[in-house]
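Structure file start-v2.txt with compact mmCIF, C-alpha atoms:
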# COMPACT_ATOMS: atom_id res chain seq x y z
CA ALA A 60 128.16 135.70 92.94
CA ARG A 61 129.06 135.05 96.54
CA GLY A 62 129.41 131.65 98.14
CA LEU A 63 127.93 130.56 101.43
CA ASP A 64 131.15 130.59 103.43
CA LEU A 65 132.68 132.73 106.13
CA SER A 66 135.45 134.12 103.95
CA THR A 67 133.32 135.29 101.04
CA LEU A 68 130.37 136.70 102.98
CA CYS A 69 131.93 137.93 106.21
CA GLY A 70 135.59 138.40 105.32
CA PHE A 71 136.55 135.98 108.11
CA ASP A 72 139.61 134.03 106.96
CA LEU A 73 140.30 130.96 109.07
CA LEU A 74 143.20 129.86 106.87
CA GLY A 75 144.70 133.27 106.32
CA GLU A 76 145.56 134.31 102.79
CA VAL A 77 144.95 131.55 100.28
CA TYR A 78 146.92 131.64 97.03
CA GLY A 79 144.64 132.36 94.07
CA LEU A 80 141.83 133.94 96.09
CA PRO A 81 141.55 137.70 96.24
CA GLN A 82 141.48 139.38 99.63
CA GLN A 83 137.88 139.36 100.83
CA GLY A 84 136.27 142.34 102.45
CA GLY A 85 133.49 142.07 105.00
CA GLN A 86 132.41 142.79 108.52
CA CYS A 87 135.10 140.50 109.98
CA ALA A 88 138.02 141.46 107.72
CA ASP A 89 139.67 143.54 110.43
CA ASP A 90 140.78 141.67 113.58
CA SER A 91 139.50 144.49 115.79
CA ASN A 92 135.92 143.91 114.56
CA LEU A 93 135.68 140.19 115.49
CA LEU A 94 133.40 140.87 118.48
CA ASN A 95 131.42 143.52 116.65
CA PHE A 96 127.67 142.91 116.28
CA ASP A 97 127.90 142.92 112.46
CA CYS A 98 130.68 140.30 112.45
CA VAL A 99 128.99 138.03 115.01
CA SER A 100 125.62 138.21 113.24
CA CYS A 101 127.24 137.47 109.87
CA ILE A 102 129.17 134.46 111.24
CA SER A 103 126.17 133.10 113.13
CA SER A 104 123.83 133.41 110.14
CA VAL A 105 126.34 131.70 107.81
CA LEU A 106 126.92 128.89 110.33
CA ALA A 107 123.14 128.51 110.87
CA ALA A 108 122.63 128.21 107.10
CA GLN A 109 125.42 125.64 106.83
CA VAL A 110 123.97 123.60 109.73
CA LEU A 111 120.54 123.73 108.05
CA ILE A 112 122.06 122.48 104.79
CA PHE A 113 123.87 119.68 106.65
CA LEU A 114 120.72 118.56 108.49
CA THR A 115 118.71 118.67 105.27
CA SER A 116 121.29 116.45 103.59
CA LEU A 117 120.91 113.91 106.40
CA VAL A 118 117.14 113.81 105.87
CA ASP A 119 117.58 113.58 102.10
CA ILE A 120 119.89 110.58 102.46
CA TYR A 121 117.16 108.61 104.25
CA PHE A 122 114.56 109.82 101.76
CA MET A 123 116.70 108.62 98.86
CA PHE A 124 117.24 105.28 100.64
CA TYR A 125 113.50 104.74 101.00
CA ILE A 126 112.82 105.72 97.38
CA PHE A 127 115.58 103.35 96.21
CA SER A 128 114.25 100.56 98.46
CA ALA A 129 110.73 101.01 97.09
CA ILE A 130 111.91 100.87 93.48
CA VAL A 131 114.17 97.86 94.01
CA GLY A 132 111.50 96.12 96.12
CA SER A 133 108.86 96.56 93.46
CA PHE A 134 111.16 95.04 90.82
CA MET A 135 112.04 92.14 93.12
CA GLY A 136 108.36 91.54 93.94
CA SER A 137 107.31 91.54 90.30
CA ARG A 138 110.17 89.17 89.44
CA ARG A 139 108.94 86.79 92.17
CA HIS A 140 105.37 87.13 90.80
CA LEU A 141 104.03 88.77 93.96
CA ASN A 142 101.83 91.14 91.96
CA ASP A 143 98.13 91.36 92.69
CA LEU A 144 98.25 89.33 95.91
CA LYS A 145 95.27 91.15 97.39
CA ASN A 146 93.06 90.31 94.44
CA THR A 147 90.20 88.19 95.77
CA SER A 148 88.96 87.21 92.32
CA VAL A 149 91.77 84.71 91.68
CA PRO A 150 90.27 81.29 90.88
CA ILE A 151 91.00 78.65 93.52
CA ASP A 152 90.36 75.00 92.75
CA LEU A 153 89.55 73.19 96.00
CA ARG A 154 88.00 70.03 94.52
CA PRO A 155 89.27 67.11 96.63
CA GLY A 156 91.95 65.12 94.81
CA LYS A 157 91.60 67.19 91.60
CA GLY A 158 92.17 70.85 92.39
CA LYS A 159 95.70 72.24 92.50
CA GLU A 160 95.15 74.21 95.70
CA ALA A 161 93.35 71.25 97.36
CA ARG A 162 96.37 69.01 96.66
CA LEU A 163 98.75 71.65 98.01
CA PHE A 164 96.67 72.02 101.18
CA GLU A 165 96.50 68.26 101.65
CA GLU A 166 100.28 67.90 101.19
CA THR A 167 100.92 70.72 103.65
CA PHE A 168 98.24 70.18 106.34
CA GLY A 169 97.27 66.54 105.87
CA PRO A 170 93.88 64.98 105.14
CA GLY A 171 92.02 67.33 107.53
CA TRP A 172 93.05 70.47 105.62
CA GLN A 173 89.43 71.66 105.40
CA ARG A 174 89.43 72.47 109.14
CA VAL A 175 92.55 74.62 108.65
CA TRP A 176 90.92 76.28 105.65
CA CYS A 177 87.77 77.10 107.61
CA ALA A 178 89.80 78.43 110.55
CA MET A 179 91.67 80.71 108.14
CA LEU A 180 88.41 81.91 106.64
CA LYS A 181 86.95 82.66 110.09
CA ASN A 182 90.02 84.71 111.02
CA LEU A 183 90.01 86.58 107.72
CA MET A 184 86.33 87.35 108.16
CA ASP A 185 86.81 88.42 111.81
CA GLU A 186 89.56 90.84 110.77
CA SER A 187 87.40 92.14 107.87
CA TYR A 188 89.77 91.04 105.12
CA ILE A 189 86.94 89.18 103.40
CA GLY A 190 83.20 89.59 103.60
CA PRO A 191 80.73 87.00 104.90
CA ARG A 192 79.53 86.17 101.37
CA GLN A 193 83.11 85.50 100.19
CA ALA A 194 83.79 83.41 103.29
CA ASP A 195 80.65 81.32 102.72
CA SER A 196 81.49 80.66 99.07
CA LEU A 197 85.11 79.73 99.94
CA ALA A 198 83.91 77.42 102.70
CA ALA A 199 81.41 75.80 100.34
CA ALA A 200 84.21 75.27 97.77
CA ALA A 201 86.21 73.33 100.38
CA ARG A 202 83.10 71.55 101.64
CA CYS A 203 83.46 72.83 105.19
CA SER A 204 81.24 74.83 107.51
CA LEU A 205 82.05 78.15 109.19
CA ASP A 206 79.72 77.39 112.13
Written as structure tokens, how would this file's structure read?
Amino acid sequence: ARGLDLSTLCGFDLLGEVYGLPQQGGQCADDSNLLNFDCVSCISSVLAAQVLIFLTSLVDIYFMFYIFSAIVGSFMGSRRHLNDLKNTSVPIDLRPGKGKEARLFEETFGPGWQRVWCAMLKNLMDESYIGPRQADSLAAAARCSLD
């Protein structure tokens, strides 16, 4: 089994003899062959493979970051109860003075919250997030008109 390094594959020793490693043979083992085509092609192909491995590791680092961010983000979102936010079948109670959402809107936007609600519905309908039938029923629930 040979490693992907200059010493093992090409016989090119940058550090000289290393204690514990046997003398490696290859195209570049003899100093007179350093500019030989075989030596240059061996060194260039090993360096190209090492550069490819290095660049791949850079891409993999970002890939792992995004995977980790997605996993952590999904756990954080579920802990904050942000699941199913795009579900349009969630019941909304807009009865004036009685409904939870109506009270929240009135506390946030004041007594004219129905105008804000209708403006939001118009924008959602214009951007195709909700259909005209849904917009009409939501406007009727708040007792406002989309006209």
Problem - Contact residues around A:Ile189 with all atoms listed in the file at 10 Å, ignoring same-chain residues under 6 positions, as a list in words - result: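 Contacts, in chain order: Thr147, Leu180, Lys181, Asn182 and Leu183 of chain A.
Of the residues under consideration (A:Phe168, A:Asn142, A:Pro150, A:Cys101), A:Cys101 shows the shortest atom-to-atom contact distance to A:Gln86 when counting all atoms listed in the file.
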Practice task
Measuring atom to atom with all atoms listed in the file, identify which of A:Ser66, A:Asn92, A:Ala129, A:Ala199 is nearest to A:Leu153.
Solution key: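 Checking each of A:Ser66, A:Asn92, A:Ala129, A:Ala199 against A:Leu153, counting all atoms listed in the file, the winner is A:Ala199.
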Practice task
Could you please give me, as a list in words, the residues of protein, DNA or RNA lying at most 12 Å from (89.2, 77.7, 111.0) in the coordinate frame of the file, considering all atoms listed in the file?
Solution key: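 Final list of nearby residues, as requested, is Gly171, Trp172, Gln173, Arg174, Val175, Trp176, Cys177, Ala178, Met179, Leu180, Lys181, Asn182, Leu183, Met184, Asp185, Ala194, Leu197, Ala198, Ala201, Cys203, Ser204, Leu205 and Asp206 of chain A.
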Those residues with C-alpha atoms, as a PDB file, keeping the file's coordinate frame please?
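again.pdb, written as the output of this step:
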ATOM      1  CA  GLY A 171      92.020  67.330 107.530  1.00  0.00           C
ATOM      2  CA  TRP A 172      93.050  70.470 105.620  1.00  0.00           C
ATOM      3  CA  GLN A 173      89.430  71.660 105.400  1.00  0.00           C
ATOM      4  CA  ARG A 174      89.430  72.470 109.140  1.00  0.00           C
ATOM      5  CA  VAL A 175      92.550  74.620 108.650  1.00  0.00           C
ATOM      6  CA  TRP A 176      90.920  76.280 105.650  1.00  0.00           C
ATOM      7  CA  CYS A 177      87.770  77.100 107.610  1.00  0.00           C
ATOM      8  CA  ALA A 178      89.800  78.430 110.550  1.00  0.00           C
ATOM      9  CA  MET A 179      91.670  80.710 108.140  1.00  0.00           C
ATOM     10  CA  LEU A 180      88.410  81.910 106.640  1.00  0.00           C
ATOM     11  CA  LYS A 181      86.950  82.660 110.090  1.00  0.00           C
ATOM     12  CA  ASN A 182      90.020  84.710 111.020  1.00  0.00           C
ATOM     13  CA  LEU A 183      90.010  86.580 107.720  1.00  0.00           C
ATOM     14  CA  MET A 184      86.330  87.350 108.160  1.00  0.00           C
ATOM     15  CA  ASP A 185      86.810  88.420 111.810  1.00  0.00           C
ATOM     16  CA  ALA A 194      83.790  83.410 103.290  1.00  0.00           C
ATOM     17  CA  LEU A 197      85.110  79.730  99.940  1.00  0.00           C
ATOM     18  CA  ALA A 198      83.910  77.420 102.700  1.00  0.00           C
ATOM     19  CA  ALA A 201      86.210  73.330 100.380  1.00  0.00           C
ATOM     20  CA  CYS A 203      83.460  72.830 105.190  1.00  0.00           C
ATOM     21  CA  SER A 204      81.240  74.830 107.510  1.00  0.00           C
ATOM     22  CA  LEU A 205      82.050  78.150 109.190  1.00  0.00           C
ATOM     23  CA  ASP A 206      79.720  77.390 112.130  1.00  0.00           C
TER      24      ASP A 206
END
Practice task
Record the distance separating atom CA of A:Ser116 and atom CA of A:Met135, expressed in Å with one decimal.
Solution key: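 Separation between atom CA of A:Ser116 and atom CA of A:Met135: 28.0 Å.
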